[in-house]
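entry_4.cif follows (mmCIF, C-alpha atoms (C1' of nucleotides)):
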```cif
data_structure
#
loop_
_atom_site.label_atom_id
_atom_site.label_comp_id
_atom_site.auth_asym_id
_atom_site.auth_seq_id
_atom_site.Cartn_x
_atom_site.Cartn_y
_atom_site.Cartn_z
CA MET Z 500 -75.08 219.18 -115.44
CA LEU Z 501 -71.86 217.35 -116.08
CA LYS Z 502 -71.89 215.68 -119.46
CA THR Z 503 -70.19 212.32 -119.28
CA VAL Z 504 -68.83 210.89 -122.49
CA ILE Z 505 -67.91 207.26 -122.64
CA ASP Z 506 -66.13 205.58 -125.51
CA MET Z 507 -68.23 203.45 -127.84
CA GLU Z 508 -66.28 200.28 -127.15
CA LYS Z 509 -66.80 200.45 -123.41
CA ALA Z 510 -70.42 201.57 -123.75
CA THR Z 511 -71.13 198.50 -125.86
CA VAL Z 512 -69.62 196.17 -123.30
CA ILE Z 513 -71.63 197.72 -120.48
CA LEU Z 514 -74.90 197.75 -122.41
CA LYS Z 515 -74.42 194.11 -123.37
CA LEU Z 516 -73.98 193.23 -119.70
CA LEU Z 517 -77.05 195.23 -118.72
CA GLY Z 518 -79.03 193.65 -121.54
CA ASP Z 519 -79.89 190.68 -119.37
CA LYS Z 520 -82.86 190.79 -117.05
CA THR Z 521 -81.11 189.17 -114.11
CA ARG Z 522 -78.07 191.43 -114.27
CA LEU Z 523 -80.09 194.57 -114.92
CA THR Z 524 -82.31 193.85 -111.92
CA MET Z 525 -79.26 193.04 -109.79
CA MET Z 526 -77.72 196.39 -110.64
CA LYS Z 527 -80.94 198.24 -109.86
CA ILE Z 528 -81.21 196.53 -106.48
CA LEU Z 529 -77.53 197.03 -105.69
CA ASP Z 530 -77.74 200.70 -106.59
CA ASP Z 531 -79.73 201.17 -103.36
CA GLN Z 532 -78.17 198.64 -101.02
CA SER Z 533 -75.68 195.83 -100.81
CA CYS Z 534 -76.89 192.28 -101.10
CA CYS Z 535 -75.41 188.83 -100.65
CA VAL Z 536 -75.34 185.99 -103.12
CA CYS Z 537 -77.87 183.81 -101.35
CA GLU Z 538 -80.36 186.66 -101.35
CA PHE Z 539 -80.11 186.88 -105.11
CA VAL Z 540 -80.59 183.14 -105.34
CA GLU Z 541 -83.88 183.63 -103.47
CA ILE Z 542 -84.98 186.69 -105.41
CA PHE Z 543 -84.36 185.23 -108.84
CA LYS Z 544 -85.24 181.63 -108.00
CA ALA Z 545 -82.05 180.73 -109.82
CA SER Z 546 -79.23 178.32 -109.08
CA GLN Z 547 -76.31 179.50 -106.99
CA PRO Z 548 -73.72 179.03 -109.77
CA SER Z 549 -75.88 180.96 -112.20
CA ILE Z 550 -76.12 183.93 -109.81
CA SER Z 551 -72.43 183.68 -109.02
CA GLN Z 552 -71.55 183.82 -112.70
CA HIS Z 553 -73.71 186.87 -113.35
CA LEU Z 554 -72.07 188.66 -110.42
CA ARG Z 555 -68.66 187.73 -111.69
CA LYS Z 556 -69.34 189.37 -115.03
CA LEU Z 557 -70.46 192.56 -113.33
CA ARG Z 558 -67.42 192.45 -111.10
CA ASP Z 559 -64.99 191.72 -113.93
CA ILE Z 560 -65.71 195.07 -115.55
CA GLY Z 561 -65.74 196.80 -112.18
CA LEU Z 562 -69.41 197.69 -111.88
CA VAL Z 563 -69.78 195.89 -108.56
CA GLN Z 564 -67.44 194.99 -105.76
CA GLU Z 565 -67.52 192.21 -103.19
CA GLU Z 566 -66.89 192.26 -99.49
CA ARG Z 567 -66.78 189.18 -97.33
CA LYS Z 568 -68.67 189.31 -94.05
CA GLY Z 569 -68.18 186.04 -92.28
CA GLN Z 570 -69.59 183.26 -94.36
CA TRP Z 571 -71.41 185.69 -96.67
CA ILE Z 572 -70.09 187.71 -99.52
CA PHE Z 573 -71.86 190.99 -100.04
CA TYR Z 574 -71.93 192.75 -103.35
CA SER Z 575 -72.40 196.46 -103.83
CA VAL Z 576 -72.25 198.89 -106.71
CA ASN Z 577 -68.83 200.41 -107.18
CA LYS Z 578 -69.80 204.06 -107.38
CA GLU Z 579 -66.17 205.05 -107.84
CA ASN Z 580 -66.06 203.26 -111.16
CA GLU Z 581 -65.27 205.50 -114.08
CA TYR Z 582 -68.37 204.33 -115.90
CA TYR Z 583 -70.78 204.48 -112.99
CA PRO Z 584 -72.34 207.77 -114.16
CA PHE Z 585 -73.24 206.11 -117.44
CA VAL Z 586 -74.84 203.17 -115.67
CA GLN Z 587 -76.56 205.37 -113.14
CA GLN Z 588 -78.38 207.33 -115.83
CA ILE Z 589 -79.78 204.06 -117.12
CA LEU Z 590 -80.72 202.73 -113.69
CA ASN Z 591 -82.48 205.97 -112.80
CA GLN Z 592 -84.96 205.32 -115.56
CA LEU Z 593 -85.93 201.89 -114.23
CA PRO Z 594 -88.71 201.13 -111.77
CA SER Z 595 -87.65 200.54 -108.17
CA GLN Z 596 -86.98 196.91 -107.31
CA ASP Z 597 -87.42 197.45 -103.57
CA ASP Z 598 -90.32 195.01 -103.50
CA LYS Z 599 -87.91 192.18 -104.27
CA LEU Z 600 -86.02 192.66 -101.00
CA LYS Z 601 -89.21 193.49 -99.10
CA GLU Z 602 -90.57 190.07 -99.99
CA LEU Z 603 -87.47 188.45 -98.56
CA GLU Z 604 -87.87 190.42 -95.34
CA GLU Z 605 -91.46 189.27 -95.03
CA GLN Z 606 -90.40 185.68 -95.60
CA GLY Z 607 -87.63 186.21 -93.07
CA THR Z 608 -84.99 185.13 -95.59
CA ARG Z 609 -83.21 188.47 -95.71
CA ILE Z 610 -79.69 188.25 -94.29
CA THR Z 611 -79.57 190.62 -91.35
CA CYS Z 612 -76.04 190.08 -90.14
CA CYS Z 613 -75.18 193.71 -90.73
CA MET O 923 -87.40 217.16 -115.82
CA LEU O 924 -89.85 214.44 -116.72
CA LYS O 925 -88.87 211.15 -115.16
CA THR O 926 -89.44 208.35 -117.59
CA VAL O 927 -89.93 204.90 -116.16
CA ILE O 928 -89.68 201.92 -118.44
CA ASP O 929 -90.55 198.38 -117.47
CA MET O 930 -87.66 196.01 -116.80
CA GLU O 931 -88.63 193.59 -119.53
CA LYS O 932 -88.60 196.23 -122.24
CA ALA O 933 -85.48 197.90 -120.87
CA THR O 934 -83.65 194.58 -121.11
CA VAL O 935 -84.67 194.07 -124.71
CA ILE O 936 -83.54 197.56 -125.68
CA LEU O 937 -80.24 197.35 -123.82
CA LYS O 938 -79.50 193.98 -125.42
CA LEU O 939 -80.06 195.52 -128.84
CA LEU O 940 -77.85 198.49 -128.01
CA GLY O 941 -75.20 196.17 -126.60
CA ASP O 942 -73.73 195.68 -130.05
CA LYS O 943 -71.19 198.11 -131.45
CA THR O 944 -72.69 198.27 -134.91
CA ARG O 945 -76.24 198.89 -133.71
CA LEU O 946 -75.19 201.34 -131.02
CA THR O 947 -73.19 203.37 -133.53
CA MET O 948 -76.07 203.22 -136.01
CA MET O 949 -78.45 204.63 -133.43
CA LYS O 950 -76.02 207.41 -132.51
CA ILE O 951 -75.63 208.38 -136.16
CA LEU O 952 -79.36 208.15 -136.85
CA ASP O 953 -80.15 210.27 -133.84
CA ASP O 954 -78.75 213.22 -135.80
CA GLN O 955 -79.70 212.42 -139.37
CA SER O 956 -81.27 209.80 -141.57
CA CYS O 957 -79.03 207.44 -143.45
CA CYS O 958 -79.44 204.79 -146.12
CA VAL O 959 -78.40 201.17 -146.01
CA CYS O 960 -75.53 201.48 -148.45
CA GLU O 961 -74.02 204.29 -146.39
CA PHE O 962 -73.92 201.99 -143.38
CA VAL O 963 -72.32 199.29 -145.50
CA GLU O 964 -69.54 201.81 -146.27
CA ILE O 965 -69.22 203.12 -142.74
CA PHE O 966 -68.98 199.73 -141.08
CA LYS O 967 -67.17 197.94 -143.90
CA ALA O 968 -69.74 195.21 -143.42
CA SER O 969 -71.76 193.08 -145.82
CA GLN O 970 -75.13 194.39 -147.01
CA PRO O 971 -77.13 191.53 -145.46
CA SER O 972 -75.40 192.02 -142.14
CA ILE O 973 -76.33 195.73 -142.07
CA SER O 974 -79.83 194.96 -143.25
CA GLN O 975 -80.31 192.47 -140.44
CA HIS O 976 -79.10 194.89 -137.78
CA LEU O 977 -81.50 197.54 -139.07
CA ARG O 978 -84.33 195.05 -139.07
CA LYS O 979 -83.81 194.32 -135.40
CA LEU O 980 -83.89 198.01 -134.57
CA ARG O 981 -86.99 198.43 -136.69
CA ASP O 982 -88.75 195.40 -135.24
CA ILE O 983 -88.88 197.01 -131.82
CA GLY O 984 -89.75 200.37 -133.31
CA LEU O 985 -86.57 202.30 -132.59
CA VAL O 986 -86.04 203.20 -136.22
CA GLN O 987 -88.30 203.62 -139.21
CA GLU O 988 -87.67 203.28 -142.91
CA GLU O 989 -88.67 205.46 -145.83
CA ARG O 990 -88.08 204.58 -149.42
CA LYS O 991 -86.67 207.29 -151.66
CA GLY O 992 -86.36 205.90 -155.13
CA GLN O 993 -83.96 203.00 -155.10
CA TRP O 994 -82.71 203.84 -151.62
CA ILE O 995 -84.27 203.11 -148.29
CA PHE O 996 -83.52 205.67 -145.63
CA TYR O 997 -83.62 204.87 -141.97
CA SER O 998 -84.23 207.37 -139.21
CA VAL O 999 -84.79 207.26 -135.48
CA ASN O 1000 -88.44 207.02 -134.55
CA LYS O 1001 -88.59 209.80 -131.99
CA GLU O 1002 -92.27 209.15 -131.41
CA ASN O 1003 -91.49 205.73 -130.00
CA GLU O 1004 -92.59 205.26 -126.42
CA TYR O 1005 -89.11 204.20 -125.42
CA TYR O 1006 -87.18 206.85 -127.28
CA PRO O 1007 -86.55 208.95 -124.16
CA PHE O 1008 -84.86 205.96 -122.57
CA VAL O 1009 -82.66 205.45 -125.60
CA GLN O 1010 -81.95 209.14 -125.99
CA GLN O 1011 -80.52 209.40 -122.49
CA ILE O 1012 -78.08 206.66 -123.39
CA LEU O 1013 -77.16 208.14 -126.77
CA ASN O 1014 -76.56 211.56 -125.22
CA GLN O 1015 -73.70 210.10 -123.24
CA LEU O 1016 -71.93 208.76 -126.31
CA PRO O 1017 -69.33 210.59 -128.37
CA SER O 1018 -70.54 212.12 -131.63
CA GLN O 1019 -70.18 209.86 -134.66
CA ASP O 1020 -70.32 212.71 -137.14
CA ASP O 1021 -66.86 211.89 -138.40
CA LYS O 1022 -68.20 208.65 -139.86
CA LEU O 1023 -70.49 210.48 -142.28
CA LYS O 1024 -67.93 213.22 -142.89
CA GLU O 1025 -65.51 210.63 -144.18
CA LEU O 1026 -68.13 209.42 -146.65
CA GLU O 1027 -68.68 212.98 -147.85
CA GLU O 1028 -64.97 213.42 -148.41
CA GLN O 1029 -64.82 210.17 -150.33
CA GLY O 1030 -67.88 211.30 -152.28
CA THR O 1031 -69.79 208.16 -151.28
CA ARG O 1032 -72.47 209.95 -149.31
CA ILE O 1033 -75.90 209.66 -150.92
CA THR O 1034 -77.03 213.19 -151.73
CA CYS O 1035 -80.39 212.55 -153.35
CA CYS O 1036 -82.20 214.55 -150.70
"C1'" DT J 734 -87.40 195.55 -171.87
"C1'" DG J 735 -83.01 193.74 -170.19
"C1'" DA J 736 -79.28 195.04 -167.13
"C1'" DT J 737 -77.97 197.16 -163.03
"C1'" DT J 738 -78.41 198.88 -158.31
"C1'" DA J 739 -80.26 198.84 -153.64
"C1'" DT J 740 -82.32 196.24 -150.33
"C1'" DA J 741 -84.55 192.23 -147.89
"C1'" DT J 742 -84.88 187.63 -146.57
"C1'" DA J 743 -83.88 182.71 -145.95
"C1'" DA J 744 -80.85 179.05 -144.82
"C1'" DG J 745 -76.74 177.53 -142.98
"C1'" DT J 746 -72.56 178.00 -139.87
"C1'" DA J 747 -69.53 179.59 -136.30
"C1'" DA J 748 -69.06 181.98 -132.10
"C1'" DA J 749 -70.86 183.70 -127.85
"C1'" DT J 750 -73.82 183.21 -123.93
"C1'" DA J 751 -76.53 181.28 -120.08
"C1'" DG J 752 -77.50 177.63 -117.63
"C1'" DT J 753 -76.46 172.85 -115.51
"C1'" DT J 754 -73.83 169.51 -112.79
"C1'" DA J 755 -69.87 168.52 -110.25
"C1'" DT J 756 -66.28 169.97 -107.36
"C1'" DA J 757 -63.25 173.18 -104.72
"C1'" DT J 758 -62.61 176.73 -101.17
"C1'" DT J 759 -63.50 179.22 -97.03
"C1'" DA J 760 -65.91 180.14 -92.83
"C1'" DT J 761 -68.86 178.66 -89.15
"C1'" DT J 762 -70.80 175.54 -85.91
"C1'" DA J 763 -71.60 171.26 -83.27
"C1'" DT W 1038 -62.00 168.45 -85.83
"C1'" DA W 1039 -65.88 166.78 -88.60
"C1'" DA W 1040 -70.09 168.50 -90.60
"C1'" DT W 1041 -72.48 172.19 -92.62
"C1'" DA W 1042 -73.25 176.51 -95.14
"C1'" DA W 1043 -72.01 180.04 -98.55
"C1'" DT W 1044 -69.66 180.92 -102.50
"C1'" DA W 1045 -66.62 180.24 -106.65
"C1'" DT W 1046 -65.07 177.83 -110.49
"C1'" DA W 1047 -64.63 174.37 -114.15
"C1'" DA W 1048 -66.53 171.53 -117.66
"C1'" DC W 1049 -70.27 170.58 -120.41
"C1'" DT W 1050 -74.66 171.52 -123.01
"C1'" DA W 1051 -78.31 174.06 -125.10
"C1'" DT W 1052 -79.68 178.32 -126.87
"C1'" DT W 1053 -78.95 182.58 -129.00
"C1'" DT W 1054 -76.62 185.63 -131.94
"C1'" DA W 1055 -73.98 187.43 -135.84
"C1'" DC W 1056 -72.33 186.60 -139.96
"C1'" DT W 1057 -72.05 184.31 -144.68
"C1'" DT W 1058 -73.86 182.75 -149.07
"C1'" DA W 1059 -77.60 182.48 -152.07
"C1'" DT W 1060 -81.72 184.26 -153.77
"C1'" DA W 1061 -85.80 187.38 -154.17
"C1'" DT W 1062 -87.87 191.97 -154.82
"C1'" DA W 1063 -88.23 196.59 -156.35
"C1'" DA W 1064 -86.59 200.68 -158.58
"C1'" DT W 1065 -83.77 202.89 -162.11
"C1'" DC W 1066 -81.29 203.30 -166.31
"C1'" DA W 1067 -79.53 202.26 -170.98
#
```

Please, can you express the file's structure as structure tokens?
Amino acid sequence: MLKTVIDMEKATVILKLLGDKTRLTMMKILDDQSCCVCEFVEIFKASQPSISQHLRKLRDIGLVQEERKGQWIFYSVNKENEYYPFVQQILNQLPSQDDKLKELEEQGTRITCC
Amino acid sequence: MLKTVIDMEKATVILKLLGDKTRLTMMKILDDQSCCVCEFVEIFKASQPSISQHLRKLRDIGLVQEERKGQWIFYSVNKENEYYPFVQQILNQLPSQDDKLKELEEQGTRITCC
DNA sequence: TGATTATATAAGTAAATAGTTATATTATTA
DNA sequence: TAATAATATAACTATTTACTTATATAATCA
């Protein structure tokens, strides 16, 4: 197994970002599939600016990336990121959050443009 | 390999605690050996109350434990803690902090009572 | 036993963080 | 092209966090 070593400074920054329930759940969801902002608004029952600001923080350090598809902007995990292996090891220990998106599908609020 | 799954709530709390450079470094050091408060004060060039408060937070959620030895109180990682495997996987990805204690030994400020 | 050393805790302060409201931007649709 | 929908950003506010200063406790030492 490849042993990844990350510097303490960067590890701290990443752990601080993941030390928030909304962002940690976002990352776990995004690790499986991409998701648009309005879906997160539904999932977390949070305001749009609040979701947008969480995503921005994750994007600013390169953990996620955005891609516009028409009027929607989809976010996905940037698996090319230098620190992704570090994050992945954490995410792997978390329970699946599939149910969150399943609920949206049942409600019919999942974006299905793609 | 045993797959540990930790609930999101608890994971968030632990990651938030580890998302601080002082506490993260403390945990990495303690993962190898026990250490007393005054050694941390030296290592981090921080005030005694500040160190004491960081250790209290780690102790409050059970990640470390204290043991009095005379006038000193030694802290060590509580490897029996339910969430230790989660923490350990994170710590394993961090660079060794042995040099921090080595410096103290060279200065002669390492506590050698035990 | 009085002084010193190690540590903890409480109270106060400054900085960081998360959320809100308001507004701007960009794309789609009528 | 005007209205609507999705998203981002800015400014403000409330909460949380980390650190400081002051004080308390407990052990050791002279």

Handout entry: Nearest-residue call for chain Z, choices O:Glu1004, O:Asp954, O:Asp1021, O:Asp942, using only C-alpha atoms
Key =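 Once distances to chain Z are computed over only C-alpha atoms, the minimum belongs to O:Asp942.
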
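Considering all atoms listed in the file, the residue among O:Lys932, O:Leu940, O:Val963, O:Gln970 positioned nearest to chain Z is O:Leu940.
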
Practice task
Find the spatial neighbours of Gln955 of chain O, counting all atoms listed in the file, within a cut-off of 10 Å - ignore same-chain residues fewer than 6 positions away - and output them as a PyMOL selection string.
Solution key: chain O and resi 949+996-999+1020+1023

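Atom pair atom CA of Gln993 of chain O / atom CA of Thr944 of chain O: separated by 23.6 Å.
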
Sorted by chain and rising residue number, list the residues of chain W at most 10 Å from chain O (counting only C-alpha atoms (C1' of nucleotides)), each with its closest atom pair and distance in Å to one decimal, as a Markdown table.
```
| residue | atom | partner | partner_atom | distance |
| --- | --- | --- | --- | --- |
| W:DA1055 | C1' | O:Ser972 | CA | 7.9 |
| W:DC1056 | C1' | O:Ser972 | CA | 6.6 |
| W:DT1057 | C1' | O:Ser972 | CA | 8.8 |
| W:DA1063 | C1' | O:Gln993 | CA | 7.8 |
| W:DA1064 | C1' | O:Gln993 | CA | 4.9 |
| W:DT1065 | C1' | O:Gln993 | CA | 7.0 |
```

Problem - Which of W:DA1059, W:DA1067, W:DA1051, W:DA1045 sits closest to DA743 of chain J [using all atoms listed in the file] - result: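 So, comparing all the options, the nearest one is W:DA1059.
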
Practice task
Check which residues satisfy the PyMOL selection byres ((chain W and resi 1052) around 9) in the file shown, then give them as a list in words.
Solution key: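 Expected selection for the PyMOL selection byres ((chain W and resi 1052) around 9) here is DT750 and DA751 of chain J; DA1051 and DT1053 of chain W.
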
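Each of J:DA741, J:DA747, J:DA755, J:DA763 was compared to chain Z using all atoms listed in the file, and J:DA755 turns out to be the nearest.
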
Practice task
With the file shown as input, list the residues that the PyMOL selection byres ((chain W and resi 1042) around 8) selects, as number ranges by chain.
Solution key: Z: 570; J: 761; W: 1041, 1043

Residues of the last selection are to be written out with C-alpha atoms (C1' of nucleotides), as a short mmCIF file (atom, residue, chain, number, x, y, z; two decimals), keeping the file's coordinate frame.
```
data_model
loop_
_atom_site.label_atom_id
_atom_site.label_comp_id
_atom_site.auth_asym_id
_atom_site.auth_seq_id
_atom_site.Cartn_x
_atom_site.Cartn_y
_atom_site.Cartn_z
CA GLN Z 570 -69.59 183.26 -94.36
"C1'" DT J 761 -68.86 178.66 -89.15
"C1'" DT W 1041 -72.48 172.19 -92.62
"C1'" DA W 1043 -72.01 180.04 -98.55
#
```

Exercise for the section: With a distance threshold of 8 Å and counting all atoms listed in the file, extract the residues of chain J near chain O and express them as a PyMOL selection string. Expected result: chain J and resi 738-741

Please produce, as CSV, a per-residue contact table for chain Z versus chain O (criterion: any atom at most 9 Å away, all atoms listed in the file considered), showing the nearest atom pair and its distance in Å to one decimal, sorted by chain then residue number.
```
residue,atom,partner,partner_atom,distance
Z:Lys502,CA,O:Gln1015,CA,7.0
Z:Thr503,CA,O:Gln1015,CA,5.7
Z:Val504,CA,O:Gln1015,CA,5.0
Z:Ile505,CA,O:Leu1016,CA,5.6
Z:Asp506,CA,O:Pro1017,CA,6.6
Z:Met507,CA,O:Leu1016,CA,6.7
Z:Glu508,CA,O:Lys943,CA,6.9
Z:Ala510,CA,O:Gly941,CA,7.8
Z:Thr511,CA,O:Gly941,CA,4.7
Z:Val512,CA,O:Gly941,CA,6.5
Z:Ile513,CA,O:Gly941,CA,7.3
Z:Leu514,CA,O:Gly941,CA,4.5
Z:Lys515,CA,O:Gly941,CA,3.9
Z:Leu516,CA,O:Gly941,CA,7.6
Z:Leu517,CA,O:Leu937,CA,6.4
Z:Gly518,CA,O:Lys938,CA,3.9
Z:Asp519,CA,O:Thr934,CA,5.7
Z:Lys520,CA,O:Thr934,CA,5.6
Z:Leu523,CA,O:Thr934,CA,7.1
Z:Thr524,CA,O:Met930,CA,7.6
Z:Phe585,CA,O:Gln1015,CA,7.1
Z:Gln588,CA,O:Gln1011,CA,7.3
Z:Ile589,CA,O:Ile1012,CA,7.0
Z:Asn591,CA,O:Val927,CA,8.2
Z:Gln592,CA,O:Val927,CA,5.0
Z:Leu593,CA,O:Val927,CA,5.4
Z:Pro594,CA,O:Val927,CA,5.9
```

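Atom pair atom C1' of DA748 of chain J / atom C1' of DC1049 of chain W has a distance of 16.4 Å (rounded to one decimal).
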
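Counting from atom C1' of DT742 of chain J, the distance to atom C1' of DA1061 of chain W is 7.7 Å.
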
Mind working out the centre and edge lengths of an axis-aligned box for segment 738-755 of chain J, all listed atoms inside, 4 Å added to each side, rounded to one decimal in Å and written as JSON?
```
{"center_x": -77.0, "center_y": 183.7, "center_z": -134.3, "size_x": 23.8, "size_y": 38.4, "size_z": 56.1}
```

Taking all heavy atoms as the atom set, what does segment 980-989 of chain O look like once completed, written as a PDB file, in the coordinates of the input?
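result11.pdb was written with the following content:
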```
ATOM      1  N   LEU O 980     -83.558 196.702-135.134  1.00  0.00           N
ATOM      2  CA  LEU O 980     -83.890 198.010-134.570  1.00  0.00           C
ATOM      3  C   LEU O 980     -85.302 198.427-134.992  1.00  0.00           C
ATOM      4  O   LEU O 980     -86.042 199.042-134.219  1.00  0.00           O
ATOM      5  CB  LEU O 980     -82.872 199.063-135.016  1.00  0.00           C
ATOM      6  CG  LEU O 980     -81.445 198.870-134.489  1.00  0.00           C
ATOM      7  CD1 LEU O 980     -80.481 199.863-135.128  1.00  0.00           C
ATOM      8  CD2 LEU O 980     -81.405 199.013-132.966  1.00  0.00           C
ATOM      9  N   ARG O 981     -85.659 198.067-136.192  1.00  0.00           N
ATOM     10  CA  ARG O 981     -86.990 198.430-136.690  1.00  0.00           C
ATOM     11  C   ARG O 981     -88.067 197.585-136.023  1.00  0.00           C
ATOM     12  O   ARG O 981     -89.151 198.082-135.714  1.00  0.00           O
ATOM     13  CB  ARG O 981     -87.048 198.228-138.207  1.00  0.00           C
ATOM     14  CG  ARG O 981     -88.138 199.027-138.893  1.00  0.00           C
ATOM     15  CD  ARG O 981     -88.372 198.516-140.290  1.00  0.00           C
ATOM     16  NE  ARG O 981     -88.569 197.068-140.308  1.00  0.00           N
ATOM     17  CZ  ARG O 981     -88.517 196.313-141.400  1.00  0.00           C
ATOM     18  NH1 ARG O 981     -88.234 196.860-142.561  1.00  0.00           N
ATOM     19  NH2 ARG O 981     -88.719 195.008-141.320  1.00  0.00           N
ATOM     20  N   ASP O 982     -87.754 196.310-135.821  1.00  0.00           N
ATOM     21  CA  ASP O 982     -88.750 195.400-135.240  1.00  0.00           C
ATOM     22  C   ASP O 982     -89.259 195.869-133.872  1.00  0.00           C
ATOM     23  O   ASP O 982     -90.398 195.620-133.521  1.00  0.00           O
ATOM     24  CB  ASP O 982     -88.191 193.973-135.121  1.00  0.00           C
ATOM     25  CG  ASP O 982     -88.264 193.226-136.448  1.00  0.00           C
ATOM     26  OD1 ASP O 982     -88.879 193.761-137.402  1.00  0.00           O
ATOM     27  OD2 ASP O 982     -87.698 192.112-136.545  1.00  0.00           O
ATOM     28  N   ILE O 983     -88.373 196.514-133.096  1.00  0.00           N
ATOM     29  CA  ILE O 983     -88.880 197.010-131.820  1.00  0.00           C
ATOM     30  C   ILE O 983     -89.240 198.502-131.897  1.00  0.00           C
ATOM     31  O   ILE O 983     -89.523 199.128-130.882  1.00  0.00           O
ATOM     32  CB  ILE O 983     -87.917 196.758-130.638  1.00  0.00           C
ATOM     33  CG1 ILE O 983     -86.562 197.410-130.869  1.00  0.00           C
ATOM     34  CG2 ILE O 983     -87.761 195.281-130.354  1.00  0.00           C
ATOM     35  CD1 ILE O 983     -85.812 197.582-129.556  1.00  0.00           C
ATOM     36  N   GLY O 984     -89.217 199.023-133.095  1.00  0.00           N
ATOM     37  CA  GLY O 984     -89.750 200.370-133.310  1.00  0.00           C
ATOM     38  C   GLY O 984     -88.793 201.512-133.050  1.00  0.00           C
ATOM     39  O   GLY O 984     -89.210 202.667-133.039  1.00  0.00           O
ATOM     40  N   LEU O 985     -87.515 201.211-132.866  1.00  0.00           N
ATOM     41  CA  LEU O 985     -86.570 202.300-132.590  1.00  0.00           C
ATOM     42  C   LEU O 985     -86.223 203.110-133.825  1.00  0.00           C
ATOM     43  O   LEU O 985     -85.901 204.282-133.728  1.00  0.00           O
ATOM     44  CB  LEU O 985     -85.278 201.751-131.957  1.00  0.00           C
ATOM     45  CG  LEU O 985     -85.390 201.193-130.543  1.00  0.00           C
ATOM     46  CD1 LEU O 985     -84.028 200.801-130.013  1.00  0.00           C
ATOM     47  CD2 LEU O 985     -86.034 202.222-129.616  1.00  0.00           C
ATOM     48  N   VAL O 986     -86.271 202.461-134.977  1.00  0.00           N
ATOM     49  CA  VAL O 986     -86.040 203.200-136.220  1.00  0.00           C
ATOM     50  C   VAL O 986     -87.188 202.938-137.185  1.00  0.00           C
ATOM     51  O   VAL O 986     -87.970 202.002-137.002  1.00  0.00           O
ATOM     52  CB  VAL O 986     -84.695 202.810-136.895  1.00  0.00           C
ATOM     53  CG1 VAL O 986     -83.521 203.021-135.952  1.00  0.00           C
ATOM     54  CG2 VAL O 986     -84.721 201.386-137.416  1.00  0.00           C
ATOM     55  N   GLN O 987     -87.267 203.782-138.183  1.00  0.00           N
ATOM     56  CA  GLN O 987     -88.300 203.620-139.210  1.00  0.00           C
ATOM     57  C   GLN O 987     -87.642 203.781-140.565  1.00  0.00           C
ATOM     58  O   GLN O 987     -86.590 204.410-140.688  1.00  0.00           O
ATOM     59  CB  GLN O 987     -89.402 204.651-139.010  1.00  0.00           C
ATOM     60  CG  GLN O 987     -88.906 206.081-139.009  1.00  0.00           C
ATOM     61  CD  GLN O 987     -89.818 207.033-138.262  1.00  0.00           C
ATOM     62  OE1 GLN O 987     -90.899 206.663-137.823  1.00  0.00           O
ATOM     63  NE2 GLN O 987     -89.368 208.276-138.130  1.00  0.00           N
ATOM     64  N   GLU O 988     -88.245 203.181-141.589  1.00  0.00           N
ATOM     65  CA  GLU O 988     -87.670 203.280-142.910  1.00  0.00           C
ATOM     66  C   GLU O 988     -88.561 204.123-143.810  1.00  0.00           C
ATOM     67  O   GLU O 988     -89.760 204.252-143.592  1.00  0.00           O
ATOM     68  CB  GLU O 988     -87.481 201.889-143.512  1.00  0.00           C
ATOM     69  CG  GLU O 988     -88.712 201.008-143.512  1.00  0.00           C
ATOM     70  CD  GLU O 988     -88.484 199.722-144.275  1.00  0.00           C
ATOM     71  OE1 GLU O 988     -88.604 199.739-145.512  1.00  0.00           O
ATOM     72  OE2 GLU O 988     -88.190 198.721-143.613  1.00  0.00           O
ATOM     73  N   GLU O 989     -87.928 204.687-144.839  1.00  0.00           N
ATOM     74  CA  GLU O 989     -88.670 205.460-145.830  1.00  0.00           C
ATOM     75  C   GLU O 989     -87.969 205.272-147.162  1.00  0.00           C
ATOM     76  O   GLU O 989     -86.771 205.540-147.280  1.00  0.00           O
ATOM     77  CB  GLU O 989     -88.654 206.938-145.429  1.00  0.00           C
ATOM     78  CG  GLU O 989     -89.496 207.811-146.336  1.00  0.00           C
ATOM     79  CD  GLU O 989     -89.268 209.311-146.066  1.00  0.00           C
ATOM     80  OE1 GLU O 989     -88.485 209.642-145.153  1.00  0.00           O
ATOM     81  OE2 GLU O 989     -89.853 210.122-146.781  1.00  0.00           O
TER      82      GLU O 989
END
```
